[in-house]
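**Q** One file: my_file.cif (mmCIF, C-alpha atoms and all ligand atoms).
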```cif
data_entry
loop_
_atom_site.label_atom_id
_atom_site.label_comp_id
_atom_site.auth_asym_id
_atom_site.auth_seq_id
_atom_site.Cartn_x
_atom_site.Cartn_y
_atom_site.Cartn_z
CA MET A 1 96.68 -184.73 87.89
CA ASN A 2 93.60 -182.73 88.87
CA LEU A 3 91.84 -180.41 86.47
CA ILE A 4 88.71 -178.40 85.83
CA LEU A 5 86.97 -178.25 82.46
CA LEU A 6 85.17 -174.93 82.54
CA GLY A 7 82.67 -173.80 79.96
CA PRO A 8 78.99 -173.21 79.22
CA PRO A 9 76.47 -176.04 78.93
CA GLY A 10 77.11 -177.91 75.68
CA ALA A 11 80.73 -176.73 75.39
CA GLY A 12 81.95 -180.34 75.20
CA LYS A 13 83.14 -180.80 78.80
CA GLY A 14 81.60 -184.25 79.22
CA THR A 15 82.77 -185.40 75.78
CA GLN A 16 86.37 -184.46 76.54
CA ALA A 17 86.23 -185.64 80.17
CA ARG A 18 85.23 -189.16 79.05
CA ARG A 19 88.15 -189.20 76.62
CA LEU A 20 90.53 -188.14 79.40
CA GLU A 21 89.18 -190.94 81.59
CA ASP A 22 90.14 -193.43 78.88
CA THR A 23 93.52 -191.97 77.99
CA ARG A 24 94.79 -190.68 81.35
CA GLY A 25 93.10 -192.82 84.00
CA LEU A 26 91.45 -189.78 85.55
CA VAL A 27 87.93 -189.82 86.97
CA GLN A 28 85.20 -187.49 85.67
CA LEU A 29 83.34 -185.76 88.49
CA SER A 30 80.20 -184.26 86.97
CA THR A 31 77.89 -182.52 89.43
CA GLY A 32 75.16 -182.63 86.75
CA ASP A 33 75.43 -186.46 86.61
CA MET A 34 75.47 -186.68 90.41
CA LEU A 35 72.39 -184.48 90.66
CA ARG A 36 70.54 -186.50 88.00
CA ALA A 37 71.29 -189.64 90.06
CA LEU A 38 69.97 -187.86 93.16
CA VAL A 39 66.79 -186.91 91.29
CA ALA A 40 66.39 -190.52 90.06
CA SER A 41 66.73 -191.77 93.67
CA GLY A 42 63.45 -190.00 94.46
CA SER A 43 64.76 -188.59 97.78
CA PRO A 44 63.30 -185.31 99.11
CA LEU A 45 66.59 -183.55 98.27
CA GLY A 46 66.39 -185.00 94.75
CA GLN A 47 62.82 -183.74 94.39
CA GLN A 48 63.98 -180.24 95.36
CA ALA A 49 66.86 -180.36 92.85
CA LYS A 50 64.60 -181.69 90.09
CA ASP A 51 62.48 -178.54 89.85
CA ILE A 52 65.50 -176.22 89.93
CA MET A 53 67.26 -178.22 87.18
CA ALA A 54 64.14 -178.35 85.03
CA ALA A 55 64.01 -174.55 85.19
CA GLY A 56 67.70 -174.30 84.18
CA LYS A 57 68.68 -172.57 87.45
CA LEU A 58 71.54 -173.54 89.76
CA VAL A 59 70.97 -175.73 92.82
CA PRO A 60 72.27 -174.36 96.17
CA ASP A 61 76.07 -174.15 96.50
CA GLU A 62 76.12 -176.15 99.77
CA LEU A 63 74.55 -179.19 98.11
CA VAL A 64 77.06 -179.49 95.25
CA ILE A 65 80.03 -178.61 97.46
CA GLU A 66 79.14 -181.44 99.84
CA MET A 67 78.61 -183.89 96.96
CA ILE A 68 82.04 -183.09 95.49
CA SER A 69 83.78 -183.20 98.86
CA GLN A 70 82.44 -186.71 99.55
CA ARG A 71 83.17 -187.96 96.03
CA ILE A 72 86.80 -186.76 96.03
CA ASP A 73 87.44 -188.90 99.12
CA GLN A 74 86.54 -192.13 97.26
CA PRO A 75 89.54 -194.40 96.51
CA ASP A 76 89.00 -194.49 92.71
CA VAL A 77 89.78 -190.76 92.53
CA LYS A 78 93.34 -191.15 93.83
CA ASN A 79 94.96 -190.93 90.35
CA GLY A 80 93.29 -187.60 89.72
CA PHE A 81 90.00 -186.03 88.72
CA ILE A 82 88.36 -183.91 86.05
CA LEU A 83 85.75 -181.54 87.43
CA ASP A 84 82.93 -181.11 84.91
CA GLY A 85 80.18 -178.62 85.77
CA PHE A 86 81.79 -177.62 89.09
CA PRO A 87 82.62 -175.01 90.29
CA ARG A 88 79.82 -172.91 88.80
CA THR A 89 79.86 -169.91 91.15
CA VAL A 90 82.66 -167.93 92.81
CA ALA A 91 81.46 -169.30 96.18
CA GLN A 92 81.91 -172.86 94.82
CA ALA A 93 85.40 -172.00 93.52
CA GLU A 94 86.39 -170.61 96.92
CA ALA A 95 84.96 -173.65 98.70
CA LEU A 96 86.87 -175.91 96.30
CA ASP A 97 90.15 -174.16 97.11
CA LYS A 98 89.58 -174.64 100.82
CA MET A 99 88.45 -178.24 100.36
CA LEU A 100 91.53 -179.16 98.31
CA ALA A 101 93.86 -177.45 100.80
CA ASP A 102 92.22 -179.37 103.66
CA LYS A 103 92.62 -182.65 101.77
CA GLY A 104 96.22 -181.90 100.74
CA LEU A 105 95.30 -181.87 97.04
CA LYS A 106 96.32 -179.50 94.26
CA LEU A 107 94.63 -178.17 91.13
CA ASN A 108 96.96 -178.54 88.12
CA HIS A 109 94.95 -176.99 85.28
CA VAL A 110 91.76 -175.04 84.65
CA ILE A 111 90.81 -175.27 80.98
CA GLU A 112 88.21 -172.93 79.56
CA MET A 113 86.31 -174.34 76.56
CA LYS A 114 85.18 -171.36 74.50
CA VAL A 115 82.05 -171.81 72.37
CA ASP A 116 79.63 -169.23 70.92
CA ASP A 117 76.13 -169.17 72.43
CA ALA A 118 74.50 -169.76 69.02
CA ALA A 119 76.41 -173.04 68.59
CA LEU A 120 75.53 -174.16 72.12
CA VAL A 121 71.80 -174.18 71.43
CA GLU A 122 72.30 -176.60 68.53
CA ARG A 123 74.70 -178.75 70.54
CA ILE A 124 72.36 -179.06 73.50
CA THR A 125 69.14 -179.68 71.60
CA GLY A 126 70.87 -182.39 69.48
CA ARG A 127 72.54 -184.18 72.40
CA TYR A 128 71.65 -187.74 73.46
CA THR A 129 73.36 -190.61 75.29
CA CYS A 130 73.35 -194.38 75.28
CA ALA A 131 70.93 -195.52 77.99
CA LYS A 132 73.21 -198.49 78.83
CA CYS A 133 76.77 -197.09 79.01
CA GLY A 134 76.21 -193.31 78.94
CA LYS A 135 78.30 -192.63 75.83
CA GLY A 136 77.37 -189.23 74.42
CA TYR A 137 76.20 -188.57 70.86
CA HIS A 138 74.82 -185.75 68.76
CA ASP A 139 72.19 -185.77 65.99
CA THR A 140 74.59 -184.00 63.63
CA PHE A 141 78.09 -183.86 65.11
CA GLU A 142 78.67 -187.29 66.66
CA LYS A 143 76.47 -190.03 65.27
CA PRO A 144 76.95 -193.73 66.06
CA LYS A 145 78.82 -195.58 63.28
CA VAL A 146 75.82 -197.87 62.84
CA ASP A 147 72.53 -196.01 63.07
CA GLY A 148 70.73 -196.81 66.35
CA VAL A 149 73.58 -198.90 67.83
CA CYS A 150 76.00 -197.59 70.47
CA ASP A 151 79.64 -197.72 69.25
CA GLN A 152 80.89 -198.48 72.74
CA CYS A 153 78.55 -201.15 74.15
CA GLY A 154 76.19 -202.17 71.33
CA GLY A 155 73.19 -200.80 73.25
CA THR A 156 70.16 -199.84 71.20
CA GLU A 157 68.34 -197.55 73.63
CA PHE A 158 69.19 -193.88 73.87
CA LYS A 159 67.95 -191.06 76.08
CA ARG A 160 67.73 -187.28 76.08
CA ARG A 161 67.95 -185.04 79.12
CA ALA A 162 64.74 -183.36 80.31
CA ASP A 163 66.50 -179.98 80.46
CA ASP A 164 68.02 -180.19 76.96
CA ASN A 165 65.25 -178.18 75.33
CA ALA A 166 65.32 -174.81 73.60
CA GLU A 167 63.43 -172.97 76.40
CA THR A 168 65.63 -174.12 79.28
CA VAL A 169 68.83 -173.59 77.30
CA THR A 170 68.33 -169.81 77.34
CA THR A 171 68.12 -169.74 81.15
CA ARG A 172 71.11 -172.09 81.46
CA LEU A 173 73.22 -169.83 79.24
CA ASP A 174 72.12 -166.75 81.23
CA GLN A 175 73.11 -168.52 84.44
CA TYR A 176 76.49 -169.32 82.92
CA HIS A 177 77.22 -165.72 81.95
CA GLN A 178 75.96 -164.26 85.23
CA GLN A 179 77.15 -166.80 87.80
CA THR A 180 79.88 -168.96 86.26
CA ALA A 181 81.86 -166.65 83.95
CA PRO A 182 83.06 -164.56 86.96
CA ILE A 183 85.11 -167.62 87.96
CA LEU A 184 87.37 -167.08 84.94
CA PRO A 185 89.21 -164.02 86.36
CA TYR A 186 89.39 -165.85 89.71
CA TYR A 187 91.52 -168.60 88.13
CA ALA A 188 93.31 -166.28 85.67
CA SER A 189 94.69 -164.27 88.59
CA ARG A 190 96.13 -167.51 90.02
CA GLY A 191 97.88 -168.29 86.71
CA VAL A 192 96.21 -171.69 86.20
CA LEU A 193 93.72 -170.74 83.47
CA LYS A 194 94.25 -171.93 79.86
CA GLY A 195 91.80 -171.76 76.96
CA VAL A 196 90.91 -174.05 74.06
CA ASP A 197 88.80 -173.35 70.98
CA GLY A 198 85.68 -175.37 71.78
CA MET A 199 84.23 -174.50 68.36
CA ALA A 200 86.75 -176.82 66.70
CA ASP A 201 86.03 -180.47 65.82
CA ILE A 202 85.88 -182.87 68.76
CA ASP A 203 89.25 -184.51 67.86
CA VAL A 204 90.93 -181.12 67.48
CA VAL A 205 89.71 -180.04 70.92
CA THR A 206 91.11 -183.29 72.35
CA GLU A 207 94.50 -182.44 70.79
CA GLN A 208 94.43 -178.90 72.20
CA ILE A 209 93.72 -180.24 75.69
CA ALA A 210 96.48 -182.86 75.34
CA ALA A 211 98.94 -180.10 74.42
CA ILE A 212 98.07 -178.21 77.63
CA LEU A 213 98.30 -181.28 79.86
CA GLY A 214 101.63 -182.38 78.30
P1 LIG A 301 78.87 -180.37 78.18
O1 LIG A 301 79.31 -181.57 78.99
O2 LIG A 301 79.88 -179.26 78.22
O3 LIG A 301 77.49 -179.89 78.55
P2 LIG A 301 78.79 -182.29 75.97
O4 LIG A 301 80.16 -182.88 76.04
O5 LIG A 301 77.66 -183.12 76.47
O6 LIG A 301 78.78 -180.82 76.65
O7 LIG A 301 78.53 -181.86 74.44
C1 LIG A 301 77.26 -181.36 74.03
C2 LIG A 301 76.88 -181.97 72.68
O8 LIG A 301 77.73 -181.43 71.67
C3 LIG A 301 77.03 -183.48 72.62
O9 LIG A 301 75.95 -184.00 71.87
C4 LIG A 301 78.37 -183.71 71.92
O10 LIG A 301 78.34 -184.89 71.12
C5 LIG A 301 78.50 -182.47 71.04
N1 LIG A 301 79.87 -181.95 70.96
C6 LIG A 301 80.82 -181.97 71.94
N2 LIG A 301 81.96 -181.37 71.51
C7 LIG A 301 81.72 -180.96 70.23
C8 LIG A 301 82.50 -180.27 69.23
N3 LIG A 301 83.76 -179.88 69.48
N4 LIG A 301 81.90 -180.02 68.04
C9 LIG A 301 80.63 -180.41 67.80
N5 LIG A 301 79.85 -181.06 68.68
C10 LIG A 301 80.37 -181.33 69.89
P1 LIG A 302 75.00 -180.06 83.68
O1 LIG A 302 74.84 -181.55 83.56
O2 LIG A 302 76.39 -179.67 84.13
O3 LIG A 302 74.57 -179.32 82.45
O4 LIG A 302 74.03 -179.60 84.85
C1 LIG A 302 72.64 -179.78 84.78
C2 LIG A 302 71.95 -178.94 85.86
O5 LIG A 302 72.35 -179.40 87.16
C3 LIG A 302 72.28 -177.45 85.86
O6 LIG A 302 71.48 -176.71 84.94
C4 LIG A 302 72.00 -177.08 87.32
O7 LIG A 302 70.62 -176.97 87.58
C5 LIG A 302 72.52 -178.31 88.07
N1 LIG A 302 73.96 -178.22 88.43
C6 LIG A 302 74.96 -179.00 87.94
N2 LIG A 302 76.13 -178.65 88.50
C7 LIG A 302 75.87 -177.61 89.33
C8 LIG A 302 76.67 -176.79 90.17
N3 LIG A 302 78.00 -176.96 90.27
N4 LIG A 302 76.06 -175.81 90.88
C9 LIG A 302 74.73 -175.63 90.82
N5 LIG A 302 73.91 -176.35 90.03
C10 LIG A 302 74.47 -177.35 89.29
#
```
Show me, as structure tokens, the structure contained in the file I just sent.

**A**
Amino acid sequence: MNLILLGPPGAGKGTQARRLEDTRGLVQLSTGDMLRALVASGSPLGQQAKDIMAAGKLVPDELVIEMISQRIDQPDVKNGFILDGFPRTVAQAEALDKMLADKGLKLNHVIEMKVDDAALVERITGRYTCAKCGKGYHDTFEKPKVDGVCDQCGGTEFKRRADDNAETVTTRLDQYHQQTAPILPYYASRGVLKGVDGMADIDVVTEQIAAILG
């Protein structure tokens, strides 16, 4: 099964994608994670992406399209994938269609996670992850069971993203409304678009997604 989780930054795409990895054996393909790895590699391309990401703008379509195309060919993706953070422009959505057709793959579901902008600011500024295993947490909404200790791996170091600050969030939300939201009618017209209430509790959102996937 191949699906897209579509929604603004902080909507809960990564949180739900990691749950679907565990329960359905699908692989999360996050262009944001891939780009952060590229930035960490220190390559010239990574250096270029770093400044764009820090400003909350979108990196060039060609770069993310190529990253996704190469990643989808890896053997671990054969049971299916969850796209998280891609596509983010109509050009990316069109390129994805062509790419999947060329590879003989099909998109089963596009799930829009609807969350109010005001809630997103709080979600993003309170987000952090375990430095060892990457499990996501939130200062208010998803705390570790034992303070300072990762539930999943026992790690005690946590990190916050450089772009998860109040100033950059505004630009990222603007980019979502201007560049990414136009994808919604693109998928609606193909009859694959479903919506979930991303304002609900994390477990409730998981149930809503499960009901769509069957
Ligand atoms: P995205 O991948 O869409 O940018 P995340 O999954 O990283 O979003 O979620 C952003 C933050 O909000 C995280 O800190 C996460 O723990 C928290 N979060 C995710 N889903 C919910 C929810 N339904 N209610 C409250 N907080 C949530
Ligand atoms: P995310 O982790 O999805 O919030 O993405 C973090 C940042 O990476 C974004 O603000 C963009 O700068 C960049 N990015 C991630 N995915 C894409 C994409 N599909 N197209 C363009 N830029 C992207």

**Q** Using atom CA of Gln74 of chain A and atom CA of Gln28 of chain A as the two end points, give the distance in Å to one decimal.

**A**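 Between atom CA of Gln74 of chain A and atom CA of Gln28 of chain A the gap works out to 12.6 Å.
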
**Q** Looking at A:Gln92, A:Asn108, A:Thr140, A:Ser30, which one is nearest to Thr15 of chain A, with distances taken over all atoms listed in the file?

**A**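 Using all atoms listed in the file, the shortest distance to Thr15 of chain A belongs to A:Ser30.
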
**Q** Step by step, measure atom-to-atom distances between ligand LIG 301 (chain A) and each residue using all atoms listed in the file, keep those at most 9 Å, then write them as a ChimeraX atom specification.

**A** /A:5-18,30,32,84-85,113,115,119-120,122-129,136-143,197-206

**Q** At a cut-off of 6 Å, can you tabulate as a tab-separated table every residue of chain A near ligand LIG 302 (chain A) together with its closest atom pair and the distance in Å to one decimal, using all atoms listed in the file and ordering rows by chain then number?

**A**
```
residue	atom	partner	partner_atom	distance
A:Pro9	CA	A:LIG302	O3	5.2
A:Thr31	CA	A:LIG302	N2	4.4
A:Gly32	CA	A:LIG302	O1	3.4
A:Asp33	CA	A:LIG302	O1	5.8
A:Ile52	CA	A:LIG302	O7	5.7
A:Met53	CA	A:LIG302	O7	3.6
A:Gly56	CA	A:LIG302	O6	4.5
A:Lys57	CA	A:LIG302	O7	4.8
A:Leu58	CA	A:LIG302	N5	3.7
A:Val59	CA	A:LIG302	N5	4.1
A:Asp61	CA	A:LIG302	N4	5.9
A:Val64	CA	A:LIG302	N3	5.7
A:Gly85	CA	A:LIG302	O2	4.3
A:Phe86	CA	A:LIG302	N3	4.0
A:Pro87	CA	A:LIG302	N3	5.0
A:Arg88	CA	A:LIG302	N3	4.7
A:Arg172	CA	A:LIG302	O6	5.8
```

**Q** Between atom CA of Pro60 of chain A and atom CA of Tyr176 of chain A, what distance in Å does the model show, to one decimal?

**A**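 A separation of 14.8 Å between them.
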
**Q** Skip Tyr187 of chain A itself and residues of its chain fewer than 4 positions away, then list as a tab-separated table (two decimals) with C-alpha atoms, keeping the file's coordinate frame all residues within 12 Å of it, counting all atoms listed in the file.

**A**
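Listed below is the output, part-v9.tsv:
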```tsv
chain	number	residue	atom	x	y	z
A	3	LEU	CA	91.84	-180.41	86.47
A	4	ILE	CA	88.71	-178.40	85.83
A	6	LEU	CA	85.17	-174.93	82.54
A	87	PRO	CA	82.62	-175.01	90.29
A	90	VAL	CA	82.66	-167.93	92.81
A	93	ALA	CA	85.40	-172.00	93.52
A	94	GLU	CA	86.39	-170.61	96.92
A	96	LEU	CA	86.87	-175.91	96.30
A	97	ASP	CA	90.15	-174.16	97.11
A	107	LEU	CA	94.63	-178.17	91.13
A	108	ASN	CA	96.96	-178.54	88.12
A	109	HIS	CA	94.95	-176.99	85.28
A	110	VAL	CA	91.76	-175.04	84.65
A	111	ILE	CA	90.81	-175.27	80.98
A	112	GLU	CA	88.21	-172.93	79.56
A	180	THR	CA	79.88	-168.96	86.26
A	181	ALA	CA	81.86	-166.65	83.95
A	182	PRO	CA	83.06	-164.56	86.96
A	183	ILE	CA	85.11	-167.62	87.96
A	191	GLY	CA	97.88	-168.29	86.71
A	192	VAL	CA	96.21	-171.69	86.20
A	193	LEU	CA	93.72	-170.74	83.47
A	194	LYS	CA	94.25	-171.93	79.86
A	195	GLY	CA	91.80	-171.76	76.96
```

**Q** Pick from A:Asp102, A:Leu35, A:Ala91, A:Leu83: nearest to Met67 of chain A, with all atoms listed in the file counted?

**A** A:Leu35

**Q** Calculate how many Å separate atom CA of Leu105 of chain A from atom CA of Pro75 of chain A, rounding to one decimal.

**A** 13.8 Å

**Q** Leaving out Met1 of chain A and any residue of its chain fewer than 6 positions from it, which residues lie within 7 Å of it when counting only C-alpha atoms, given as a list in words?

**A**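 Those residues are Asn79, Gly80, Phe81 and Asn108 of chain A.
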
**Q** Could you give me, as number ranges by chain, the residues within 12 Å of Cys130 of chain A, counting all atoms listed in the file and dropping anything in the same chain fewer than 3 positions from it?

**A** A: 127, 133-138, 143-144, 148-161

**Q** Contacts of Lys106 of chain A at 8 Å or less, counting only C-alpha atoms, minus same-chain residues fewer than 4 places along, as a VMD selection string?

**A** chain A and resid 2 100 to 101

**Q** Could those residues be written to a file, using C-alpha atoms, as a compact mmCIF listing (two decimals), in the frame of the given file?

**A**
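result03.txt, freshly written:
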```txt
# COMPACT_ATOMS: atom_id res chain seq x y z
CA ASN A 2 93.60 -182.73 88.87
CA LEU A 100 91.53 -179.16 98.31
CA ALA A 101 93.86 -177.45 100.80
```

**Q** Contacts of Ala166 of chain A at 8 Å or less, counting all atoms listed in the file, minus same-chain residues fewer than 3 places along, as a VMD selection string?

**A** chain A and resid 121 125 169 to 170

**Q** Choose the residue, out of A:Ser189, A:Thr23, A:Asn165, A:Gln175, that has the smallest atom-to-atom separation from Glu207 of chain A; count only C-alpha atoms.

**A** A:Thr23
